[in-house]
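Data first, discussion second: the structure below is written as structure tokens.
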Amino acid sequence: MSCEEPVDEKALKEKVERINHAYIVLSGKGGVGKSTVAVNLALSLSLRGLRTGILDVDIHGPSVPKLLGLSGKRVGVYNEEIMPIEVYTNVKVISMGFLLDGNEQAVIWRGPIKANMIRQFLQNVAWGDLDALVVDCPPGTGDEPLTIAQLLGAKSSAIIVTTPQQVATIDVEKCITFCRQLNLPITGIIENMSGFICPHCGKEVDIFSSGGGKKLANNYGIPLLGSIPLDPDIVKSGDEERPYMYFCSKTKTAEKFDEIVERIVYFEKSKQTASKADTEKEIPVIPPSQDKKDGEVNSISHKEVSMKFAVPTNEGKLCAHFGHCEAFALIDTDGEGKVVNETYVTPPPHEPGLLPPWLSQQGVNCIIAGGMGSRAQQLFAQQGVQVVTGAQSENPREVVEQYLKGTLQTGANTCDH
Ligand code: ADP
């Protein structure tokens, strides 16, 4: 009998297929509140009725059990599967902490053993069907996030947690580079311990420099999902093993977590809608736009392929302010340059860097606007979305039709900020 079982790819695939999406929570450094954020995001997701799991792959310092009031718990085995521990709103939890004898026990494992253990945590655990799996990784970009990202593949994306002090450091940049090298999409950045909630008056006070998260998000074209204040009650709830989102769900800080989760869910939904549309219709490869002067639009190459245009609107008319429009007209055209569908969608709340990835996720390949700032134009270019500015007609459908005929008149960029 062979002493080593062959790796069961099929079993892993079956488990991963039953997870709708996994969020791998990363941070450049320890102590920025990554585990706290991971656990509370998961609780917020589950409080919305989503079937949620938490996988703690921090093998050397698992803190998820303590944050969830599960210290000292052990997992059982049933039908040859490890049973996750279920807490609160049926959140299924697996952590290395459930397998260790005591908190003090040190784990000395090298890369391949760690990778195998993480694989078991996915493959041999009775996760069932999950809408969301939140994965808490150790800080940095080591074996654990690498392994889990590879095992989950296209089912996963990263959420990067940072603090106002850490935001501009090389550690955070390393996290971003790590995700890009692995082709792991980044759902967004969360700035934790940003501002302070006074325990006496409940007001929020900025004690460190603010705005770093926005700048970082802007520079890298990654959505800023939101900021969580420095809140003494978070420390208290951690120390008392009473998860914050469950026991303090009506506070201002809890509202911030909920807002972040709303954005995360919104992105996931729009991405899935877009990818469903992708499977039904082939998205064309758009040739790079040529340099043009105001008033000249080269649309020849777009006539032969089906396209999805986005036009910012207010009350159904072209809006000069791209970032502050009420709705986007999404206009599909066929390979002969005819409009085949026109719908209106409401954009997510205005945040720097949010619209380019969001529109790209809708499957948009060309934006026609009155005006757009240069930073947004750059971000669209990175997403492979073409931008035409200076459009003047009021009717979004006419704007697209004129563009496809090559008769669209454009003036100066009406809003350059
Ligand atoms: P990491 O996983 O990044 O090492 P932890 O989640 O373990 O960080 O948090 C480190 C410490 O910071 C904990 O004591 C936790 O209670 C505290 N903490 C995390 N986020 C906040 C916050 N927003 N306000 C106050 N304390 C926080």
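By order of appearance in the structure tokens: chains A, B, ..., then residues from 1 within every chain, and ligands from 1 in the order shown.
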
Residues within 10 Å of ligand 1 should be enumerated using only C-alpha atoms and all ligand atoms and returned as number ranges by chain. A: 25-40, 58, 61-64, 66-67, 136-140, 161-163, 191-197, 227-241, 244, 253

Residues at most 8 Å from Arg18 in chain A, counting only C-alpha atoms, excluding those fewer than 2 positions away in the same chain, as a ChimeraX atom specification? /A:14-16,20,128-130

Kindly export the residues of the current selection with N, CA, C and O atoms, as a compact mmCIF listing (two decimals), in the first residue's frame.
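Written file, out.txt:
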```txt
# COMPACT_ATOMS: atom_id res chain seq x y z
N GLU A 14 -14.44 20.58 -5.89
CA GLU A 14 -15.85 20.53 -5.47
C GLU A 14 -16.12 21.47 -4.29
O GLU A 14 -17.15 22.12 -4.24
N LYS A 15 -15.16 21.52 -3.37
CA LYS A 15 -15.35 22.40 -2.20
C LYS A 15 -15.33 23.86 -2.65
O LYS A 15 -16.18 24.65 -2.25
N VAL A 16 -14.38 24.21 -3.49
CA VAL A 16 -14.23 25.61 -3.93
C VAL A 16 -15.44 26.05 -4.76
O VAL A 16 -15.90 27.17 -4.64
N ASN A 20 -19.27 30.92 -3.13
CA ASN A 20 -19.56 31.93 -4.15
C ASN A 20 -18.38 32.88 -4.34
O ASN A 20 -17.93 33.13 -5.45
N GLY A 128 -20.00 23.30 3.27
CA GLY A 128 -21.33 23.42 2.64
C GLY A 128 -21.32 24.53 1.60
O GLY A 128 -20.26 24.92 1.09
N ASP A 129 -22.52 25.08 1.31
CA ASP A 129 -22.59 26.19 0.35
C ASP A 129 -22.38 27.50 1.09
O ASP A 129 -23.04 27.75 2.10
N LEU A 130 -21.46 28.29 0.59
CA LEU A 130 -21.19 29.59 1.23
C LEU A 130 -21.38 30.72 0.23
O LEU A 130 -20.95 30.62 -0.92
```

What is the CA of Ile160 in chain A to CA of Ile24 in chain A distance in Å? 8.4 Å

Could you check how far CA of Val134 in chain A sits from CA of Asp206 in chain A, in Å to one decimal? 29.2 Å

Have a look at CA of Ser156 in chain A and CA of Tyr23 in chain A and let me know their distance in Å, one decimal. 5.8 Å

My list of candidates is A:Ile159, A:Ile85, A:Leu146, A:Leu354. Which is closest to Pro112 in chain A when distances are computed with only C-alpha atoms?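 So, comparing all the options, the nearest one is A:Leu146.
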
Which one of A:Leu122, A:Leu404, A:Leu318, A:Leu70 sits closest to Pro243 in chain A if you count only C-alpha atoms?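 Among the listed residues, the smallest separation from Pro243 in chain A belongs to A:Leu70.
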
From the DSSP assignment of the backbone, select every residue of range 85-245 of chain A that is strand (DSSP E), and format the answer as an mmCIF file with all heavy atoms, in the first residue's frame.
```cif
data_model
loop_
_atom_site.group_PDB
_atom_site.id
_atom_site.type_symbol
_atom_site.label_atom_id
_atom_site.label_comp_id
_atom_site.auth_asym_id
_atom_site.auth_seq_id
_atom_site.Cartn_x
_atom_site.Cartn_y
_atom_site.Cartn_z
ATOM 1 N N ILE A 85 -16.752 25.133 13.423
ATOM 2 C CA ILE A 85 -17.566 25.555 14.570
ATOM 3 C C ILE A 85 -18.516 26.650 14.088
ATOM 4 O O ILE A 85 -18.105 27.557 13.364
ATOM 5 C CB ILE A 85 -16.651 26.037 15.713
ATOM 6 C CG1 ILE A 85 -15.862 24.832 16.220
ATOM 7 C CG2 ILE A 85 -17.464 26.709 16.824
ATOM 8 C CD1 ILE A 85 -14.945 25.099 17.347
ATOM 9 N N GLU A 86 -19.785 26.549 14.465
ATOM 10 C CA GLU A 86 -20.756 27.562 14.024
ATOM 11 C C GLU A 86 -21.083 28.500 15.178
ATOM 12 O O GLU A 86 -21.349 28.046 16.282
ATOM 13 C CB GLU A 86 -22.031 26.890 13.507
ATOM 14 C CG GLU A 86 -21.788 26.175 12.206
ATOM 15 C CD GLU A 86 -23.053 25.806 11.459
ATOM 16 O OE1 GLU A 86 -24.064 26.510 11.575
ATOM 17 O OE2 GLU A 86 -23.005 24.778 10.748
ATOM 18 N N VAL A 87 -20.994 29.796 14.892
ATOM 19 C CA VAL A 87 -21.307 30.782 15.937
ATOM 20 C C VAL A 87 -22.286 31.826 15.441
ATOM 21 O O VAL A 87 -22.358 32.121 14.244
ATOM 22 C CB VAL A 87 -20.055 31.565 16.423
ATOM 23 C CG1 VAL A 87 -19.354 30.862 17.523
ATOM 24 C CG2 VAL A 87 -19.161 31.951 15.294
ATOM 25 N N VAL A 91 -22.275 31.498 11.422
ATOM 26 C CA VAL A 91 -20.986 31.691 10.749
ATOM 27 C C VAL A 91 -20.140 30.453 11.014
ATOM 28 O O VAL A 91 -19.988 30.023 12.171
ATOM 29 C CB VAL A 91 -20.259 32.946 11.291
ATOM 30 C CG1 VAL A 91 -18.929 33.132 10.594
ATOM 31 C CG2 VAL A 91 -21.132 34.177 11.110
ATOM 32 N N LYS A 92 -19.608 29.858 9.950
ATOM 33 C CA LYS A 92 -18.793 28.646 10.104
ATOM 34 C C LYS A 92 -17.322 29.054 10.218
ATOM 35 O O LYS A 92 -16.835 29.809 9.371
ATOM 36 C CB LYS A 92 -18.985 27.742 8.888
ATOM 37 C CG LYS A 92 -20.393 27.180 8.826
ATOM 38 C CD LYS A 92 -20.598 26.298 7.620
ATOM 39 C CE LYS A 92 -21.974 25.664 7.691
ATOM 40 N NZ LYS A 92 -22.354 25.029 6.446
ATOM 41 N N VAL A 93 -16.670 28.554 11.251
ATOM 42 C CA VAL A 93 -15.307 29.026 11.527
ATOM 43 C C VAL A 93 -14.320 27.857 11.595
ATOM 44 O O VAL A 93 -14.589 26.838 12.237
ATOM 45 C CB VAL A 93 -15.249 29.775 12.881
ATOM 46 C CG1 VAL A 93 -13.905 30.498 13.042
ATOM 47 C CG2 VAL A 93 -16.397 30.756 13.022
ATOM 48 N N ILE A 94 -13.176 28.043 10.934
ATOM 49 C CA ILE A 94 -12.066 27.093 11.076
ATOM 50 C C ILE A 94 -10.789 27.887 11.332
ATOM 51 O O ILE A 94 -10.513 28.884 10.663
ATOM 52 C CB ILE A 94 -11.898 26.223 9.806
ATOM 53 C CG1 ILE A 94 -12.909 25.086 9.798
ATOM 54 C CG2 ILE A 94 -10.486 25.650 9.681
ATOM 55 C CD1 ILE A 94 -12.698 24.001 10.855
ATOM 56 N N SER A 95 -10.051 27.427 12.336
ATOM 57 C CA SER A 95 -8.801 28.110 12.677
ATOM 58 C C SER A 95 -7.819 27.073 13.203
ATOM 59 O O SER A 95 -8.216 26.066 13.811
ATOM 60 C CB SER A 95 -9.068 29.141 13.767
ATOM 61 O OG SER A 95 -7.862 29.558 14.360
ATOM 62 N N LEU A 130 -21.463 28.294 0.590
ATOM 63 C CA LEU A 130 -21.193 29.585 1.228
ATOM 64 C C LEU A 130 -21.377 30.717 0.227
ATOM 65 O O LEU A 130 -20.945 30.618 -0.922
ATOM 66 C CB LEU A 130 -19.747 29.636 1.748
ATOM 67 C CG LEU A 130 -19.360 28.769 2.936
ATOM 68 C CD1 LEU A 130 -17.887 28.974 3.275
ATOM 69 C CD2 LEU A 130 -20.226 29.081 4.158
ATOM 70 N N ASP A 131 -22.014 31.805 0.674
ATOM 71 C CA ASP A 131 -22.058 33.006 -0.164
ATOM 72 C C ASP A 131 -20.728 33.745 -0.063
ATOM 73 O O ASP A 131 -20.271 34.340 -1.026
ATOM 74 C CB ASP A 131 -23.189 33.942 0.299
ATOM 75 C CG ASP A 131 -24.546 33.283 0.123
ATOM 76 O OD1 ASP A 131 -24.804 32.795 -0.992
ATOM 77 O OD2 ASP A 131 -25.323 33.228 1.090
ATOM 78 N N ALA A 132 -20.151 33.716 1.124
ATOM 79 C CA ALA A 132 -18.888 34.446 1.310
ATOM 80 C C ALA A 132 -17.989 33.703 2.285
ATOM 81 O O ALA A 132 -18.445 33.254 3.337
ATOM 82 C CB ALA A 132 -19.182 35.840 1.845
ATOM 83 N N LEU A 133 -16.732 33.573 1.918
ATOM 84 C CA LEU A 133 -15.730 33.033 2.843
ATOM 85 C C LEU A 133 -14.721 34.156 3.088
ATOM 86 O O LEU A 133 -14.147 34.702 2.139
ATOM 87 C CB LEU A 133 -15.014 31.818 2.228
ATOM 88 C CG LEU A 133 -13.895 31.221 3.084
ATOM 89 C CD1 LEU A 133 -14.448 30.565 4.344
ATOM 90 C CD2 LEU A 133 -13.092 30.174 2.299
ATOM 91 N N VAL A 134 -14.541 34.515 4.357
ATOM 92 C CA VAL A 134 -13.564 35.560 4.687
ATOM 93 C C VAL A 134 -12.318 34.857 5.215
ATOM 94 O O VAL A 134 -12.405 34.053 6.152
ATOM 95 C CB VAL A 134 -14.139 36.533 5.744
ATOM 96 C CG1 VAL A 134 -13.098 37.570 6.147
ATOM 97 C CG2 VAL A 134 -15.400 37.219 5.198
ATOM 98 N N VAL A 135 -11.173 35.123 4.585
ATOM 99 C CA VAL A 135 -9.944 34.435 4.982
ATOM 100 C C VAL A 135 -9.036 35.424 5.704
ATOM 101 O O VAL A 135 -8.675 36.467 5.150
ATOM 102 C CB VAL A 135 -9.199 33.875 3.741
ATOM 103 C CG1 VAL A 135 -7.973 33.084 4.172
ATOM 104 C CG2 VAL A 135 -10.131 33.004 2.906
ATOM 105 N N ASP A 136 -8.699 35.111 6.949
ATOM 106 C CA ASP A 136 -7.785 35.969 7.698
ATOM 107 C C ASP A 136 -6.371 35.409 7.555
ATOM 108 O O ASP A 136 -6.104 34.264 7.921
ATOM 109 C CB ASP A 136 -8.204 36.009 9.178
ATOM 110 C CG ASP A 136 -7.349 36.988 9.973
ATOM 111 O OD1 ASP A 136 -6.861 37.976 9.378
ATOM 112 O OD2 ASP A 136 -7.162 36.766 11.190
ATOM 113 N N SER A 156 -11.528 34.261 -5.689
ATOM 114 C CA SER A 156 -11.091 35.102 -4.584
ATOM 115 C C SER A 156 -10.657 36.497 -5.023
ATOM 116 O O SER A 156 -10.333 36.729 -6.186
ATOM 117 C CB SER A 156 -9.916 34.424 -3.863
ATOM 118 O OG SER A 156 -8.870 34.195 -4.776
ATOM 119 N N SER A 157 -10.691 37.395 -4.068
ATOM 120 C CA SER A 157 -10.112 38.728 -4.271
ATOM 121 C C SER A 157 -9.556 39.174 -2.923
ATOM 122 O O SER A 157 -9.861 38.562 -1.894
ATOM 123 C CB SER A 157 -11.175 39.699 -4.782
ATOM 124 O OG SER A 157 -12.205 39.823 -3.835
ATOM 125 N N ALA A 158 -8.752 40.223 -2.950
ATOM 126 C CA ALA A 158 -8.088 40.651 -1.712
ATOM 127 C C ALA A 158 -8.731 41.910 -1.142
ATOM 128 O O ALA A 158 -9.239 42.749 -1.879
ATOM 129 C CB ALA A 158 -6.611 40.924 -1.984
ATOM 130 N N ILE A 159 -8.709 41.989 0.181
ATOM 131 C CA ILE A 159 -9.079 43.236 0.864
ATOM 132 C C ILE A 159 -7.857 43.612 1.688
ATOM 133 O O ILE A 159 -7.362 42.793 2.477
ATOM 134 C CB ILE A 159 -10.317 43.028 1.766
ATOM 135 C CG1 ILE A 159 -11.552 42.785 0.886
ATOM 136 C CG2 ILE A 159 -10.522 44.222 2.684
ATOM 137 C CD1 ILE A 159 -12.821 42.491 1.649
ATOM 138 N N ILE A 160 -7.338 44.806 1.465
ATOM 139 C CA ILE A 160 -6.116 45.207 2.174
ATOM 140 C C ILE A 160 -6.479 46.148 3.325
ATOM 141 O O ILE A 160 -7.167 47.143 3.117
ATOM 142 C CB ILE A 160 -5.117 45.882 1.208
ATOM 143 C CG1 ILE A 160 -4.730 44.893 0.103
ATOM 144 C CG2 ILE A 160 -3.886 46.388 1.948
ATOM 145 C CD1 ILE A 160 -3.848 45.473 -0.986
ATOM 146 N N VAL A 161 -6.030 45.767 4.526
ATOM 147 C CA VAL A 161 -6.311 46.601 5.699
ATOM 148 C C VAL A 161 -5.044 47.362 6.058
ATOM 149 O O VAL A 161 -3.952 46.792 6.119
ATOM 150 C CB VAL A 161 -6.755 45.733 6.908
ATOM 151 C CG1 VAL A 161 -7.038 46.602 8.123
ATOM 152 C CG2 VAL A 161 -7.986 44.909 6.544
ATOM 153 N N THR A 162 -5.210 48.661 6.297
ATOM 154 C CA THR A 162 -4.060 49.461 6.698
ATOM 155 C C THR A 162 -4.521 50.493 7.725
ATOM 156 O O THR A 162 -5.699 50.569 8.049
ATOM 157 C CB THR A 162 -3.392 50.109 5.462
ATOM 158 O OG1 THR A 162 -2.248 50.833 5.884
ATOM 159 C CG2 THR A 162 -4.326 51.048 4.713
ATOM 160 N N ILE A 186 -8.072 43.106 -6.429
ATOM 161 C CA ILE A 186 -8.162 43.751 -5.115
ATOM 162 C C ILE A 186 -9.550 44.386 -5.010
ATOM 163 O O ILE A 186 -9.871 45.307 -5.750
ATOM 164 C CB ILE A 186 -7.052 44.803 -4.926
ATOM 165 C CG1 ILE A 186 -5.676 44.153 -5.113
ATOM 166 C CG2 ILE A 186 -7.158 45.465 -3.556
ATOM 167 C CD1 ILE A 186 -4.506 45.110 -5.082
ATOM 168 N N THR A 187 -10.372 43.847 -4.095
ATOM 169 C CA THR A 187 -11.714 44.429 -3.920
ATOM 170 C C THR A 187 -11.575 45.853 -3.403
ATOM 171 O O THR A 187 -12.314 46.741 -3.817
ATOM 172 C CB THR A 187 -12.543 43.587 -2.920
ATOM 173 O OG1 THR A 187 -12.677 42.283 -3.479
ATOM 174 C CG2 THR A 187 -13.915 44.161 -2.708
ATOM 175 N N GLY A 188 -10.633 46.100 -2.519
ATOM 176 C CA GLY A 188 -10.423 47.465 -2.053
ATOM 177 C C GLY A 188 -9.559 47.532 -0.815
ATOM 178 O O GLY A 188 -9.082 46.511 -0.307
ATOM 179 N N ILE A 189 -9.380 48.780 -0.364
ATOM 180 C CA ILE A 189 -8.553 49.043 0.816
ATOM 181 C C ILE A 189 -9.467 49.522 1.949
ATOM 182 O O ILE A 189 -10.413 50.264 1.703
ATOM 183 C CB ILE A 189 -7.535 50.162 0.490
ATOM 184 C CG1 ILE A 189 -6.566 49.684 -0.585
ATOM 185 C CG2 ILE A 189 -6.792 50.642 1.722
ATOM 186 C CD1 ILE A 189 -5.696 50.791 -1.137
ATOM 187 N N ILE A 190 -9.168 49.080 3.168
ATOM 188 C CA ILE A 190 -9.899 49.591 4.332
ATOM 189 C C ILE A 190 -8.888 50.291 5.233
ATOM 190 O O ILE A 190 -7.847 49.721 5.567
ATOM 191 C CB ILE A 190 -10.584 48.446 5.111
ATOM 192 C CG1 ILE A 190 -11.651 47.790 4.227
ATOM 193 C CG2 ILE A 190 -11.203 48.978 6.406
ATOM 194 C CD1 ILE A 190 -12.294 46.553 4.825
ATOM 195 N N GLU A 191 -9.210 51.525 5.583
ATOM 196 C CA GLU A 191 -8.326 52.252 6.497
ATOM 197 C C GLU A 191 -8.883 52.071 7.905
ATOM 198 O O GLU A 191 -9.976 52.543 8.210
ATOM 199 C CB GLU A 191 -8.291 53.733 6.101
ATOM 200 C CG GLU A 191 -7.118 54.457 6.681
ATOM 201 C CD GLU A 191 -7.054 55.893 6.199
ATOM 202 O OE1 GLU A 191 -8.099 56.567 6.180
ATOM 203 O OE2 GLU A 191 -5.974 56.341 5.840
ATOM 204 N N ASN A 192 -8.135 51.344 8.727
ATOM 205 C CA ASN A 192 -8.605 51.082 10.093
ATOM 206 C C ASN A 192 -7.920 52.038 11.066
ATOM 207 O O ASN A 192 -6.859 52.570 10.780
ATOM 208 C CB ASN A 192 -8.286 49.622 10.469
ATOM 209 C CG ASN A 192 -8.908 49.217 11.799
ATOM 210 O OD1 ASN A 192 -9.979 49.711 12.182
ATOM 211 N ND2 ASN A 192 -8.240 48.325 12.519
ATOM 212 N N MET A 193 -8.548 52.239 12.210
ATOM 213 C CA MET A 193 -8.054 53.149 13.262
ATOM 214 C C MET A 193 -7.884 54.547 12.697
ATOM 215 O O MET A 193 -6.911 55.240 12.982
ATOM 216 C CB MET A 193 -6.747 52.625 13.861
ATOM 217 C CG MET A 193 -6.810 51.180 14.322
ATOM 218 S SD MET A 193 -5.401 50.741 15.303
ATOM 219 C CE MET A 193 -5.444 48.957 15.242
ATOM 220 N N SER A 194 -8.821 54.945 11.861
ATOM 221 C CA SER A 194 -8.756 56.247 11.216
ATOM 222 C C SER A 194 -9.725 57.165 11.955
ATOM 223 O O SER A 194 -10.932 56.962 11.920
ATOM 224 C CB SER A 194 -9.178 56.050 9.758
ATOM 225 O OG SER A 194 -9.582 57.232 9.191
ATOM 226 N N GLY A 195 -9.185 58.172 12.667
ATOM 227 C CA GLY A 195 -10.039 59.016 13.510
ATOM 228 C C GLY A 195 -10.338 58.289 14.810
ATOM 229 O O GLY A 195 -10.084 57.089 14.939
ATOM 230 N N PHE A 196 -10.839 59.028 15.792
ATOM 231 C CA PHE A 196 -11.050 58.466 17.131
ATOM 232 C C PHE A 196 -12.465 58.785 17.600
ATOM 233 O O PHE A 196 -12.931 59.913 17.484
ATOM 234 C CB PHE A 196 -10.012 59.109 18.077
ATOM 235 C CG PHE A 196 -10.200 58.764 19.519
ATOM 236 C CD1 PHE A 196 -10.037 57.458 19.957
ATOM 237 C CD2 PHE A 196 -10.541 59.747 20.449
ATOM 238 C CE1 PHE A 196 -10.209 57.137 21.298
ATOM 239 C CE2 PHE A 196 -10.705 59.432 21.799
ATOM 240 C CZ PHE A 196 -10.531 58.124 22.215
ATOM 241 N N ILE A 197 -13.167 57.754 18.069
ATOM 242 C CA ILE A 197 -14.500 57.996 18.622
ATOM 243 C C ILE A 197 -14.336 58.272 20.121
ATOM 244 O O ILE A 197 -13.895 57.392 20.873
ATOM 245 C CB ILE A 197 -15.428 56.766 18.423
ATOM 246 C CG1 ILE A 197 -15.605 56.438 16.942
ATOM 247 C CG2 ILE A 197 -16.754 56.963 19.132
ATOM 248 C CD1 ILE A 197 -16.697 57.147 16.218
ATOM 249 N N GLU A 204 -16.368 61.945 16.530
ATOM 250 C CA GLU A 204 -15.181 61.408 15.861
ATOM 251 C C GLU A 204 -14.134 62.511 15.725
ATOM 252 O O GLU A 204 -14.434 63.609 15.259
ATOM 253 C CB GLU A 204 -15.575 60.869 14.484
ATOM 254 C CG GLU A 204 -14.507 59.974 13.911
ATOM 255 C CD GLU A 204 -14.932 59.316 12.606
ATOM 256 O OE1 GLU A 204 -16.130 59.092 12.388
ATOM 257 O OE2 GLU A 204 -14.019 59.045 11.804
ATOM 258 N N VAL A 205 -12.911 62.233 16.162
ATOM 259 C CA VAL A 205 -11.846 63.232 16.116
ATOM 260 C C VAL A 205 -10.684 62.643 15.310
ATOM 261 O O VAL A 205 -10.302 61.494 15.536
ATOM 262 C CB VAL A 205 -11.310 63.529 17.554
ATOM 263 C CG1 VAL A 205 -10.383 64.728 17.572
ATOM 264 C CG2 VAL A 205 -12.440 63.680 18.550
ATOM 265 N N LEU A 224 -11.295 52.637 -2.349
ATOM 266 C CA LEU A 224 -11.214 52.749 -0.888
ATOM 267 C C LEU A 224 -12.581 52.333 -0.375
ATOM 268 O O LEU A 224 -13.585 52.995 -0.638
ATOM 269 C CB LEU A 224 -10.902 54.192 -0.472
ATOM 270 C CG LEU A 224 -10.899 54.451 1.030
ATOM 271 C CD1 LEU A 224 -9.767 53.710 1.714
ATOM 272 C CD2 LEU A 224 -10.789 55.937 1.324
ATOM 273 N N LEU A 225 -12.639 51.213 0.323
ATOM 274 C CA LEU A 225 -13.945 50.674 0.741
ATOM 275 C C LEU A 225 -14.518 51.447 1.918
ATOM 276 O O LEU A 225 -15.727 51.454 2.121
ATOM 277 C CB LEU A 225 -13.802 49.194 1.109
ATOM 278 C CG LEU A 225 -13.430 48.275 -0.055
ATOM 279 C CD1 LEU A 225 -13.056 46.895 0.451
ATOM 280 C CD2 LEU A 225 -14.579 48.174 -1.048
ATOM 281 N N GLY A 226 -13.646 52.094 2.702
ATOM 282 C CA GLY A 226 -14.131 52.881 3.828
ATOM 283 C C GLY A 226 -13.113 52.932 4.948
ATOM 284 O O GLY A 226 -12.042 52.329 4.858
ATOM 285 N N SER A 227 -13.455 53.684 5.990
ATOM 286 C CA SER A 227 -12.558 53.848 7.136
ATOM 287 C C SER A 227 -13.285 53.453 8.415
ATOM 288 O O SER A 227 -14.467 53.733 8.572
ATOM 289 C CB SER A 227 -12.133 55.313 7.266
ATOM 290 O OG SER A 227 -11.587 55.752 6.047
ATOM 291 N N ILE A 228 -12.546 52.805 9.306
ATOM 292 C CA ILE A 228 -13.089 52.416 10.614
ATOM 293 C C ILE A 228 -12.369 53.253 11.662
ATOM 294 O O ILE A 228 -11.134 53.289 11.669
ATOM 295 C CB ILE A 228 -12.805 50.917 10.926
ATOM 296 C CG1 ILE A 228 -13.239 49.998 9.780
ATOM 297 C CG2 ILE A 228 -13.418 50.507 12.254
ATOM 298 C CD1 ILE A 228 -14.700 49.794 9.623
ATOM 299 N N PRO A 229 -13.090 53.911 12.548
ATOM 300 C CA PRO A 229 -12.397 54.740 13.548
ATOM 301 C C PRO A 229 -11.709 53.905 14.630
ATOM 302 O O PRO A 229 -12.019 52.728 14.812
ATOM 303 C CB PRO A 229 -13.526 55.587 14.141
ATOM 304 C CG PRO A 229 -14.770 54.821 13.879
ATOM 305 C CD PRO A 229 -14.543 53.976 12.645
ATOM 306 N N LEU A 230 -10.791 54.566 15.319
ATOM 307 C CA LEU A 230 -10.159 53.965 16.503
ATOM 308 C C LEU A 230 -11.226 54.025 17.592
ATOM 309 O O LEU A 230 -11.625 55.110 18.001
ATOM 310 C CB LEU A 230 -8.948 54.818 16.873
ATOM 311 C CG LEU A 230 -7.994 54.329 17.916
ATOM 312 C CD1 LEU A 230 -7.240 53.120 17.414
ATOM 313 C CD2 LEU A 230 -6.999 55.422 18.241
#
```

What's the 10 Å shell around Val340 in chain A, counting only C-alpha atoms, without same-chain residues fewer than 2 positions away, as a short mmCIF file (atom, residue, chain, number, x, y, z; two decimals) with all heavy atoms, in the first residue's frame?
```
data_model
loop_
_atom_site.label_atom_id
_atom_site.label_comp_id
_atom_site.auth_asym_id
_atom_site.auth_seq_id
_atom_site.Cartn_x
_atom_site.Cartn_y
_atom_site.Cartn_z
N SER A 306 -19.20 44.72 -31.40
CA SER A 306 -20.24 45.14 -30.46
C SER A 306 -19.55 45.84 -29.29
O SER A 306 -18.44 45.46 -28.89
CB SER A 306 -21.06 43.95 -30.01
OG SER A 306 -20.19 42.94 -29.56
N MET A 307 -20.22 46.84 -28.75
CA MET A 307 -19.60 47.67 -27.72
C MET A 307 -20.59 47.94 -26.60
O MET A 307 -21.80 47.89 -26.83
CB MET A 307 -19.24 49.05 -28.30
CG MET A 307 -18.26 49.06 -29.44
SD MET A 307 -16.60 49.19 -28.82
CE MET A 307 -16.59 50.80 -28.07
N LYS A 308 -20.08 48.29 -25.43
CA LYS A 308 -20.94 48.81 -24.36
C LYS A 308 -20.40 50.19 -24.00
O LYS A 308 -19.24 50.32 -23.58
CB LYS A 308 -20.94 47.89 -23.15
CG LYS A 308 -22.04 48.28 -22.14
CD LYS A 308 -21.96 47.45 -20.87
CE LYS A 308 -22.79 46.21 -20.85
NZ LYS A 308 -24.22 46.42 -20.87
N ILE A 331 -25.20 51.77 -22.93
CA ILE A 331 -25.76 51.58 -24.27
C ILE A 331 -24.95 50.53 -25.03
O ILE A 331 -23.74 50.69 -25.23
CB ILE A 331 -25.75 52.94 -25.01
CG1 ILE A 331 -26.66 53.91 -24.23
CG2 ILE A 331 -26.20 52.79 -26.46
CD1 ILE A 331 -26.70 55.30 -24.75
N ASP A 332 -25.65 49.46 -25.40
CA ASP A 332 -25.00 48.38 -26.15
C ASP A 332 -25.21 48.60 -27.64
O ASP A 332 -26.32 48.93 -28.07
CB ASP A 332 -25.61 47.02 -25.79
CG ASP A 332 -25.33 46.65 -24.34
OD1 ASP A 332 -24.18 46.30 -24.04
OD2 ASP A 332 -26.26 46.75 -23.51
N THR A 333 -24.16 48.37 -28.40
CA THR A 333 -24.30 48.47 -29.86
C THR A 333 -23.84 47.17 -30.50
O THR A 333 -23.02 46.45 -29.92
CB THR A 333 -23.46 49.64 -30.41
OG1 THR A 333 -22.09 49.39 -30.09
CG2 THR A 333 -23.89 50.97 -29.84
N ASP A 334 -24.37 46.87 -31.68
CA ASP A 334 -23.96 45.63 -32.34
C ASP A 334 -22.78 45.89 -33.28
O ASP A 334 -22.26 47.02 -33.36
CB ASP A 334 -25.15 44.98 -33.07
CG ASP A 334 -25.66 45.83 -34.21
OD1 ASP A 334 -24.95 46.79 -34.62
OD2 ASP A 334 -26.76 45.56 -34.69
N GLY A 337 -22.87 48.89 -35.66
CA GLY A 337 -22.96 50.26 -35.18
C GLY A 337 -24.37 50.68 -34.79
O GLY A 337 -24.65 51.87 -34.67
N LYS A 338 -25.28 49.70 -34.56
CA LYS A 338 -26.66 50.04 -34.17
C LYS A 338 -26.84 49.85 -32.68
O LYS A 338 -26.30 48.89 -32.09
CB LYS A 338 -27.64 49.12 -34.90
CG LYS A 338 -27.88 49.51 -36.32
CD LYS A 338 -29.21 48.90 -36.81
CE LYS A 338 -29.29 48.98 -38.31
NZ LYS A 338 -28.77 47.78 -38.97
N GLU A 342 -30.50 49.87 -24.15
CA GLU A 342 -30.16 51.08 -23.39
C GLU A 342 -30.73 50.92 -21.98
O GLU A 342 -31.93 50.71 -21.82
CB GLU A 342 -30.78 52.29 -24.08
CG GLU A 342 -30.45 53.60 -23.40
CD GLU A 342 -31.01 54.81 -24.18
OE1 GLU A 342 -31.59 54.64 -25.25
OE2 GLU A 342 -30.85 55.93 -23.68
#
```
